[in-house]
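Let me begin by presenting the structure, written as structure tokens, before commenting on it.
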Amino acid sequence: MKKHSVLKKVYMALIILFLYAPILTLMVLSFNEGRTMGKWTGFSLHWYEDMFADEDIMDALKNTVIIALVSAVVSTVIGTLFCLALPRLNNKVRSVFLALNNIPLLNADIVTGLSLMLMFVAFGITLSMGTVILAHITFCIPYVVLSVRPKVRQLGMTHYEAALDLGATPWVAFFKVVLPELRSGIFSGFLMAFTMSVDDFIVTHFTRGAGINTLSTMIYGQVRIGIRPTVYALSTIVFVVVFILLIASNIISGKSATVKARRKAES
Amino acid sequence: MNKRSFTAPYIIWIIGGTLIPLAMMFYYGLTDESGTWTLQNILAIFEPGNLRALWKSLLYSAACTVVCLLLSYPIALILRNVKRAKGVIVFIFLLPMWVNFLLRTMAWQVLLEKGGVINGILGWIGLPKARLINTPGAIIMGMVYDFLPFMLLPINNVLSKVPNSLTEAAYDLGASKTQVITKVLLPLSVPGIVSGITMVFVPALTTFVISNMLGGGKILLIGNIIEQEFTVGDNWNLGAGLSIVMMIFILVSMAFIAKFDKKGEGLA
């Protein structure tokens, strides 16, 4: 029994090593003074200074955030509206819509990206940052639907109807009764859309206009000419930010869960 | 709320963002440059170079899927029995998934490169340099690294929902540890395995980024061929034709997996 649990721990530790060794390597190298990857030549922070001074990186960072924010907001609105309307549709129409919703989820990214590019070009739309945003909204909506729909089903129509019976106007009922109940689903849909957009390379690669880079396309471009250590500094910062955001969102959602539980216990 | 008109923006997006683009893909794939209908772009898959690339893609993505499954199933089994701080441990396993995909792949390049970190360490302890990057092994390992969480997540979700009363009942009825896994947990986790396989197999089959970064552009997968037709080769019709072939392979593998899923549930 004892031997078994040691074996399990070793296995878990090995997998964790496999998962984190590459990321930790980048972090360590970001503090390396020299340019060579295989050799440690001394501690330095100058790659971080260079990174903040590097216009390409700052530009790519700005583009990434703008694209992710706009596509996450738009896809959250469209996806949520769609989920709200779903209960009103008859079963056949609904199942057709939900099947269509799965296409971008199951399709290969390369096909999604290329087919969007073909359409933009065929309709004479110049590739730009706008086309990237349109493309990102397309593959983000399904994720929003996936996380909002269960909440809408859970809520049902009764709350909304009760509010109307008590004299609320449809708008008041929607904003005061329905929306607060859906908040956690909408929030996680938004987060999902945002991360999918930030993480995307393939769709962006095919739908971006000349000279427009996100972090992903910038790194891909550097791979051919040799990666600069400023990118290691960048990846370290990305990792730390992601880590903090995830912990914060876990704490927030955990907190809201306990608040909800307490409210339930009191009522 | 719940107005039917709320579906309008969604419908517009489905038509404009999914259906018309896919139709364009088929149009390009089934015509030549002058716009006449032809099957030559589809049949181009039988050219030796393209066929080899497709075969390699199938081989590497199958290998990646098997390795991911073999690595993540034991993790999910162990996680099932973790009592303290389970959320934190699951979080540790899934955290790398949130780091940009390009950065993660780049990290392996840094590790495996000729003058990279692993060779640096090898040289430091007095061993000869090894050729690690630009090999099929490097590509498969990069795929496993990038897609492992996609396998672990669904399997872990399914396994952690299997109630303990079921396994306890099996033990009470005299089942051994192995029997509990093969006869109780494995059949019940088939849906998780199936969605894990699709989530790993499709991106691995169609990748061109990993093969480009860890294969040095020398090992061409079907994704690389398609990407090159659209960017360097400038033969969009051919690229679209090969994309259609790739989609057919995705659909066939999904149908196959879905069938297996039904069987599995029937057994359970």
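Each chain of the structure tokens is named A, B, ... in the order shown, its residues numbered from 1; ligands are numbered from 1 in display order.
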Each chain B residue no farther than 6 Å from chain A, nearest pair in Å, only C-alpha atoms, as a tab-separated table:
residue	atom	partner	partner_atom	distance
B:Asn2	CA	A:Ala85	CA	4.3
B:Lys3	CA	A:Ala85	CA	5.6
B:Arg4	CA	A:Ala85	CA	5.4
B:Phe6	CA	A:Leu81	CA	5.3
B:Thr7	CA	A:Phe82	CA	4.7
B:Tyr10	CA	A:Ile78	CA	5.9
B:Gly17	CA	A:Thr138	CA	5.7
B:Pro21	CA	A:Ser115	CA	4.6
B:Leu22	CA	A:Ser115	CA	5.6
B:Met25	CA	A:Ser115	CA	5.3
B:Asn100	CA	A:Asp199	CA	5.1
B:Leu102	CA	A:Ser216	CA	5.9
B:Ala107	CA	A:Pro22	CA	5.1
B:Gly115	CA	A:Gly38	CA	5.7
B:Gly116	CA	A:Gly38	CA	4.6
B:Val117	CA	A:Gly38	CA	4.3
B:Gly120	CA	A:Gly38	CA	4.5
Selected residues written out, N, CA, C and O atoms, as a PDB file, in the first residue's frame:
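Final output, saved to out-v2.pdb:
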ATOM      1  N   ASN B   2     -36.330  36.829 -24.068  1.00  0.00           N
ATOM      2  CA  ASN B   2     -36.772  35.628 -24.765  1.00  0.00           C
ATOM      3  C   ASN B   2     -37.471  35.918 -26.077  1.00  0.00           C
ATOM      4  O   ASN B   2     -38.216  35.101 -26.576  1.00  0.00           O
ATOM      5  N   LYS B   3     -37.263  37.130 -26.567  1.00  0.00           N
ATOM      6  CA  LYS B   3     -37.824  37.436 -27.874  1.00  0.00           C
ATOM      7  C   LYS B   3     -37.103  36.599 -28.928  1.00  0.00           C
ATOM      8  O   LYS B   3     -35.889  36.419 -28.857  1.00  0.00           O
ATOM      9  N   ARG B   4     -37.859  36.145 -29.903  1.00  0.00           N
ATOM     10  CA  ARG B   4     -37.232  35.340 -30.949  1.00  0.00           C
ATOM     11  C   ARG B   4     -36.229  36.149 -31.756  1.00  0.00           C
ATOM     12  O   ARG B   4     -35.262  35.618 -32.275  1.00  0.00           O
ATOM     13  N   PHE B   6     -34.039  37.906 -30.775  1.00  0.00           N
ATOM     14  CA  PHE B   6     -32.722  37.866 -30.144  1.00  0.00           C
ATOM     15  C   PHE B   6     -31.781  36.907 -30.863  1.00  0.00           C
ATOM     16  O   PHE B   6     -30.567  36.979 -30.701  1.00  0.00           O
ATOM     17  N   THR B   7     -32.344  35.992 -31.635  1.00  0.00           N
ATOM     18  CA  THR B   7     -31.473  35.052 -32.332  1.00  0.00           C
ATOM     19  C   THR B   7     -30.883  35.665 -33.599  1.00  0.00           C
ATOM     20  O   THR B   7     -29.962  35.103 -34.168  1.00  0.00           O
ATOM     21  N   TYR B  10     -27.112  36.165 -33.963  1.00  0.00           N
ATOM     22  CA  TYR B  10     -26.463  34.854 -33.974  1.00  0.00           C
ATOM     23  C   TYR B  10     -26.610  34.193 -35.341  1.00  0.00           C
ATOM     24  O   TYR B  10     -25.646  33.650 -35.886  1.00  0.00           O
ATOM     25  N   GLY B  17     -20.270  33.772 -40.807  1.00  0.00           N
ATOM     26  CA  GLY B  17     -18.987  33.362 -40.250  1.00  0.00           C
ATOM     27  C   GLY B  17     -18.683  31.888 -40.391  1.00  0.00           C
ATOM     28  O   GLY B  17     -17.526  31.473 -40.280  1.00  0.00           O
ATOM     29  N   PRO B  21     -18.361  30.929 -45.406  1.00  0.00           N
ATOM     30  CA  PRO B  21     -16.945  30.569 -45.551  1.00  0.00           C
ATOM     31  C   PRO B  21     -16.732  29.111 -45.933  1.00  0.00           C
ATOM     32  O   PRO B  21     -15.893  28.805 -46.792  1.00  0.00           O
ATOM     33  N   LEU B  22     -17.503  28.203 -45.314  1.00  0.00           N
ATOM     34  CA  LEU B  22     -17.329  26.791 -45.666  1.00  0.00           C
ATOM     35  C   LEU B  22     -17.720  26.549 -47.119  1.00  0.00           C
ATOM     36  O   LEU B  22     -17.059  25.795 -47.837  1.00  0.00           O
ATOM     37  N   MET B  25     -14.958  27.563 -49.239  1.00  0.00           N
ATOM     38  CA  MET B  25     -13.902  26.554 -49.214  1.00  0.00           C
ATOM     39  C   MET B  25     -14.211  25.454 -50.234  1.00  0.00           C
ATOM     40  O   MET B  25     -13.337  25.045 -51.003  1.00  0.00           O
ATOM     41  N   ASN B 100       0.018  30.971 -23.527  1.00  0.00           N
ATOM     42  CA  ASN B 100      -0.071  31.020 -24.983  1.00  0.00           C
ATOM     43  C   ASN B 100       0.593  29.811 -25.648  1.00  0.00           C
ATOM     44  O   ASN B 100       1.721  29.451 -25.365  1.00  0.00           O
ATOM     45  N   LEU B 102       1.770  29.335 -28.611  1.00  0.00           N
ATOM     46  CA  LEU B 102       3.023  29.572 -29.314  1.00  0.00           C
ATOM     47  C   LEU B 102       4.203  29.623 -28.341  1.00  0.00           C
ATOM     48  O   LEU B 102       5.277  29.112 -28.634  1.00  0.00           O
ATOM     49  N   ALA B 107       9.009  27.137 -26.155  1.00  0.00           N
ATOM     50  CA  ALA B 107       9.806  26.671 -25.020  1.00  0.00           C
ATOM     51  C   ALA B 107      10.497  25.350 -25.352  1.00  0.00           C
ATOM     52  O   ALA B 107      11.664  25.148 -25.014  1.00  0.00           O
ATOM     53  N   GLY B 115      21.980  24.148 -30.046  1.00  0.00           N
ATOM     54  CA  GLY B 115      22.698  24.861 -28.997  1.00  0.00           C
ATOM     55  C   GLY B 115      21.782  25.153 -27.825  1.00  0.00           C
ATOM     56  O   GLY B 115      21.965  26.136 -27.115  1.00  0.00           O
ATOM     57  N   GLY B 116      20.765  24.311 -27.641  1.00  0.00           N
ATOM     58  CA  GLY B 116      19.727  24.580 -26.655  1.00  0.00           C
ATOM     59  C   GLY B 116      20.063  24.080 -25.265  1.00  0.00           C
ATOM     60  O   GLY B 116      21.192  23.646 -24.991  1.00  0.00           O
ATOM     61  N   VAL B 117      19.056  24.140 -24.395  1.00  0.00           N
ATOM     62  CA  VAL B 117      19.291  23.898 -22.977  1.00  0.00           C
ATOM     63  C   VAL B 117      19.684  22.447 -22.703  1.00  0.00           C
ATOM     64  O   VAL B 117      20.656  22.192 -21.993  1.00  0.00           O
ATOM     65  N   GLY B 120      23.061  21.819 -23.817  1.00  0.00           N
ATOM     66  CA  GLY B 120      23.961  22.548 -22.923  1.00  0.00           C
ATOM     67  C   GLY B 120      24.253  21.742 -21.670  1.00  0.00           C
ATOM     68  O   GLY B 120      25.403  21.622 -21.238  1.00  0.00           O
TER      69      GLY B 120
END
For this session: Could you find all residues in segment 26-251 of chain A that DSSP calls helix (DSSP H, G or I) from the backbone, and write them as an NGL selection string?
Result: :A and (26-30 or 46-53 or 55-88 or 91-106 or 109-122 or 129-155 or 158-165 or 170-199 or 202-207 or 215-225 or 229-251)
